[in-house]
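Everything on this sheet refers to the single structure shown next.
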Amino acid sequence: MKGAIKESQPQALTDWLSKACPDWHPCYPFNDRNVKDSVIQALYKAQRGLCVYCGCKLNLSQQGKTFHIEHFKPQSTYPDLQVDYSNLYLSCGQEDTKGSRSQTCGTYKGNWFEEDKAIDPIYPECTNRFQYTLNGEIKALSSEDVAASTMITKLNLNYAELVRERKELFLELDSKEELVEEDFWNNKEKTAEKYAHIAYYHFNKTLP
């Protein structure tokens, strides 16, 4: 599980929320393009360009297809958090590469949330509760960590495609001894390569 390193919410969102009055209450989806774009860019930066759950590289070309704004605590049961920056993240697409409904991450999770079985996607704390096998599977670091096991199931993080890609990453790490953490980090753009959190886990390092 990837997670995010959040800073303060974007100023555009703060200004927009300050306009709340008896005749208007801020709600999702954002009806101000500048606010929406500011939130997306802030979350993209906080997540180092990766899906908050699986850690694949985010493609921001089409919201609702290649990525979506994810409400960690669903709007249906937590309406007061629908525009709360602390509850917002970016998840990989609601569609897969073939245009079918995505089988992982936020889309697969849907409206599920259980307080005692959900792990806040904050990096590196959330990542440190998981381990990865050489065959590409993700497991709870502790067999007694029910929440970690539940998140794997609810996000479908052992989906065949994810397992295959993680296995390929480990094969690359094992076959290229010269690889270092900087190979998975673009210092100029401050973004990471896909599954960089796993590579850094392998190097016993933390993403910048």
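Here, A, B, ... name the chains of the structure tokens in the order displayed, residue numbers run from 1 inside each chain, and ligands are numbered from 1 in the same displayed order.
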
>> What parts of region 36-126 of chain A does DSSP call helix (DSSP H, G or I)? I'd like the answer as a ChimeraX atom specification.
In response: /A:36-46,79-81,85-87,105-109,115-117

Expected file: the selected residues, C-alpha atoms, as a PDB file, in the first residue's frame:
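Written file, result37.pdb:
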ATOM      1  CA  LYS A  36     -10.367  20.895  -8.799  1.00  0.00           C
ATOM      2  CA  ASP A  37      -7.096  21.242 -10.713  1.00  0.00           C
ATOM      3  CA  SER A  38      -5.343  22.609  -7.628  1.00  0.00           C
ATOM      4  CA  VAL A  39      -6.519  19.663  -5.533  1.00  0.00           C
ATOM      5  CA  ILE A  40      -5.448  17.148  -8.177  1.00  0.00           C
ATOM      6  CA  GLN A  41      -1.989  18.690  -8.512  1.00  0.00           C
ATOM      7  CA  ALA A  42      -1.517  18.868  -4.736  1.00  0.00           C
ATOM      8  CA  LEU A  43      -2.508  15.224  -4.323  1.00  0.00           C
ATOM      9  CA  TYR A  44      -0.316  14.187  -7.259  1.00  0.00           C
ATOM     10  CA  LYS A  45       2.631  15.862  -5.536  1.00  0.00           C
ATOM     11  CA  ALA A  46       1.768  14.351  -2.147  1.00  0.00           C
ATOM     12  CA  PRO A  79     -20.909  13.507   3.634  1.00  0.00           C
ATOM     13  CA  ASP A  80     -19.222  16.072   5.903  1.00  0.00           C
ATOM     14  CA  LEU A  81     -15.849  14.902   4.563  1.00  0.00           C
ATOM     15  CA  TYR A  85      -8.610  17.588   1.891  1.00  0.00           C
ATOM     16  CA  SER A  86      -7.490  15.094   4.528  1.00  0.00           C
ATOM     17  CA  ASN A  87     -10.001  12.577   3.122  1.00  0.00           C
ATOM     18  CA  CYS A 105      -7.839   0.091  -5.625  1.00  0.00           C
ATOM     19  CA  GLY A 106     -10.471   2.811  -5.120  1.00  0.00           C
ATOM     20  CA  THR A 107     -12.894   1.530  -7.738  1.00  0.00           C
ATOM     21  CA  TYR A 108     -12.812  -2.008  -6.326  1.00  0.00           C
ATOM     22  CA  LYS A 109     -13.066  -0.673  -2.749  1.00  0.00           C
ATOM     23  CA  GLU A 115     -12.962   2.256  11.198  1.00  0.00           C
ATOM     24  CA  ASP A 116     -11.123  -0.600  12.898  1.00  0.00           C
ATOM     25  CA  LYS A 117     -10.116  -2.338   9.658  1.00  0.00           C
TER      26      LYS A 117
END

> A:Leu17, A:Ala12, A:Val180, A:Leu162: which is nearest Gln82 (chain A), counting only C-alpha atoms?
Replying inline: A:Leu17

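The environment of Gly110 (chain A) within 12 Å, counting only C-alpha atoms and disregarding residues fewer than 4 places along the same chain, consists of Glu70, His71, Phe72, Lys73, Pro74, Gln75, Ser76, Thr77, Ser91, Gln94, Arg101, Ser102, Gln103, Thr104, Cys105, Gly106, Lys154, Leu155 and Asn156 of chain A.
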
For N, CA and C atoms, I'd like the residues from the last selection saved as a PDB file, in the first residue's frame.
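See selection-v4.pdb below for the written result:
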ATOM      1  N   GLU A  70     -10.243  10.020  -5.002  1.00  0.00           N
ATOM      2  CA  GLU A  70     -10.724   8.976  -4.105  1.00  0.00           C
ATOM      3  C   GLU A  70     -11.081   9.557  -2.740  1.00  0.00           C
ATOM      4  N   HIS A  71     -12.264   9.207  -2.263  1.00  0.00           N
ATOM      5  CA  HIS A  71     -12.659   9.560  -0.905  1.00  0.00           C
ATOM      6  C   HIS A  71     -12.357   8.347  -0.019  1.00  0.00           C
ATOM      7  N   PHE A  72     -11.344   8.467   0.828  1.00  0.00           N
ATOM      8  CA  PHE A  72     -10.971   7.334   1.676  1.00  0.00           C
ATOM      9  C   PHE A  72     -12.153   6.898   2.530  1.00  0.00           C
ATOM     10  N   LYS A  73     -12.776   7.859   3.178  1.00  0.00           N
ATOM     11  CA  LYS A  73     -14.047   7.592   3.857  1.00  0.00           C
ATOM     12  C   LYS A  73     -15.148   8.007   2.885  1.00  0.00           C
ATOM     13  N   PRO A  74     -15.973   7.083   2.443  1.00  0.00           N
ATOM     14  CA  PRO A  74     -16.917   7.338   1.351  1.00  0.00           C
ATOM     15  C   PRO A  74     -17.911   8.456   1.626  1.00  0.00           C
ATOM     16  N   GLN A  75     -18.261   9.152   0.548  1.00  0.00           N
ATOM     17  CA  GLN A  75     -19.207  10.263   0.646  1.00  0.00           C
ATOM     18  C   GLN A  75     -20.564   9.809   1.156  1.00  0.00           C
ATOM     19  N   SER A  76     -20.941   8.597   0.804  1.00  0.00           N
ATOM     20  CA  SER A  76     -22.272   8.105   1.153  1.00  0.00           C
ATOM     21  C   SER A  76     -22.499   8.030   2.653  1.00  0.00           C
ATOM     22  N   THR A  77     -21.441   7.745   3.400  1.00  0.00           N
ATOM     23  CA  THR A  77     -21.583   7.630   4.860  1.00  0.00           C
ATOM     24  C   THR A  77     -20.864   8.745   5.618  1.00  0.00           C
ATOM     25  N   SER A  91      -6.558   7.869  -6.879  1.00  0.00           N
ATOM     26  CA  SER A  91      -6.458   6.435  -7.132  1.00  0.00           C
ATOM     27  C   SER A  91      -6.352   6.206  -8.632  1.00  0.00           C
ATOM     28  N   GLN A  94     -10.697   4.373 -12.989  1.00  0.00           N
ATOM     29  CA  GLN A  94     -11.942   3.641 -12.798  1.00  0.00           C
ATOM     30  C   GLN A  94     -12.166   2.668 -13.951  1.00  0.00           C
ATOM     31  N   ARG A 101     -14.337  -1.984 -16.245  1.00  0.00           N
ATOM     32  CA  ARG A 101     -14.285  -1.471 -14.876  1.00  0.00           C
ATOM     33  C   ARG A 101     -13.029  -1.984 -14.180  1.00  0.00           C
ATOM     34  N   SER A 102     -12.309  -1.088 -13.536  1.00  0.00           N
ATOM     35  CA  SER A 102     -11.085  -1.457 -12.839  1.00  0.00           C
ATOM     36  C   SER A 102     -11.367  -2.484 -11.744  1.00  0.00           C
ATOM     37  N   GLN A 103     -10.431  -3.399 -11.558  1.00  0.00           N
ATOM     38  CA  GLN A 103     -10.585  -4.467 -10.574  1.00  0.00           C
ATOM     39  C   GLN A 103      -9.694  -4.271  -9.355  1.00  0.00           C
ATOM     40  N   THR A 104      -9.181  -3.046  -9.174  1.00  0.00           N
ATOM     41  CA  THR A 104      -8.315  -2.800  -8.026  1.00  0.00           C
ATOM     42  C   THR A 104      -8.582  -1.426  -7.415  1.00  0.00           C
ATOM     43  N   CYS A 105      -7.961  -1.210  -6.292  1.00  0.00           N
ATOM     44  CA  CYS A 105      -7.839   0.091  -5.625  1.00  0.00           C
ATOM     45  C   CYS A 105      -9.177   0.767  -5.328  1.00  0.00           C
ATOM     46  N   GLY A 106      -9.285   2.077  -5.545  1.00  0.00           N
ATOM     47  CA  GLY A 106     -10.471   2.811  -5.120  1.00  0.00           C
ATOM     48  C   GLY A 106     -11.751   2.352  -5.768  1.00  0.00           C
ATOM     49  N   LYS A 154      -9.829  -5.694   0.330  1.00  0.00           N
ATOM     50  CA  LYS A 154     -10.779  -4.673  -0.095  1.00  0.00           C
ATOM     51  C   LYS A 154     -10.268  -3.847  -1.277  1.00  0.00           C
ATOM     52  N   LEU A 155      -8.957  -3.760  -1.433  1.00  0.00           N
ATOM     53  CA  LEU A 155      -8.366  -3.036  -2.565  1.00  0.00           C
ATOM     54  C   LEU A 155      -7.945  -3.997  -3.673  1.00  0.00           C
ATOM     55  N   ASN A 156      -8.074  -5.286  -3.414  1.00  0.00           N
ATOM     56  CA  ASN A 156      -7.686  -6.334  -4.374  1.00  0.00           C
ATOM     57  C   ASN A 156      -6.234  -6.149  -4.824  1.00  0.00           C
TER      58      ASN A 156
END

>> Could you check the closest approach to Gly49 (chain A) for each of A:Cys126, A:Cys27, A:Ala196, A:Ala118 and tell me which residue wins, using only C-alpha atoms?
In response: A:Ala196

> Which residues, written as an MDAnalysis selection string, have at least one atom at most 8 Å from Gly3 (chain A), with only C-alpha atoms counted and residues fewer than 3 positions away on the same chain left out?
Replying inline: chainID A and resid 47 52:53 120:124 126:127

> Among region 21-94 of chain A, which residues carry a DSSP assignment of strand (DSSP E), reported as an MDAnalysis selection string?
Replying inline: chainID A and resid 67:71 88:92

> Which polymer residues have any atom within 10 Å of an atom of Glu182 (chain A), counting only C-alpha atoms, with same-chain residues fewer than 5 positions away left out, as a PyMOL selection string?
Replying inline: chain A and resi 187+192-193+196+200+207

Preceding selection exported with N, CA and C atoms as a compact mmCIF listing (two decimals), in the first residue's frame:
# COMPACT_ATOMS: atom_id res chain seq x y z
N ASN A 187 14.28 13.46 -9.33
CA ASN A 187 14.49 14.56 -8.40
C ASN A 187 14.06 15.90 -8.97
N ALA A 192 7.96 9.76 -8.55
CA ALA A 192 8.57 8.45 -8.47
C ALA A 192 8.15 7.57 -9.65
N GLU A 193 8.95 6.55 -9.92
CA GLU A 193 8.56 5.53 -10.89
C GLU A 193 7.57 4.59 -10.24
N ALA A 196 7.70 2.52 -6.79
CA ALA A 196 8.94 2.98 -6.17
C ALA A 196 8.93 2.75 -4.66
N TYR A 200 12.04 1.14 -2.71
CA TYR A 200 12.65 1.78 -1.55
C TYR A 200 12.54 0.89 -0.31
N LEU A 207 10.93 6.97 0.54
CA LEU A 207 10.83 7.90 -0.57
C LEU A 207 10.97 9.34 -0.07

>> If we count only C-alpha atoms and set the cut-off at 8 Å, which residues sit around region 135-149 of chain A, ignoring sequence neighbours fewer than 2 positions away in its own chain? Please answer as a PyMOL selection string.
In response: chain A and resi 116-119+128-133+151-153+157-158+162-168+170

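Between CA of Val83 (chain A) and CA of Tyr195 (chain A) there is a distance of 27.9 Å.
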
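For the pair CA of Gly93 (chain A) and CA of Trp112 (chain A), the separation is 17.7 Å.
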
> What separation in Å, quoted to one decimal, exists between CA of Arg33 (chain A) and CA of Ala20 (chain A)?
Replying inline: 17.2 Å
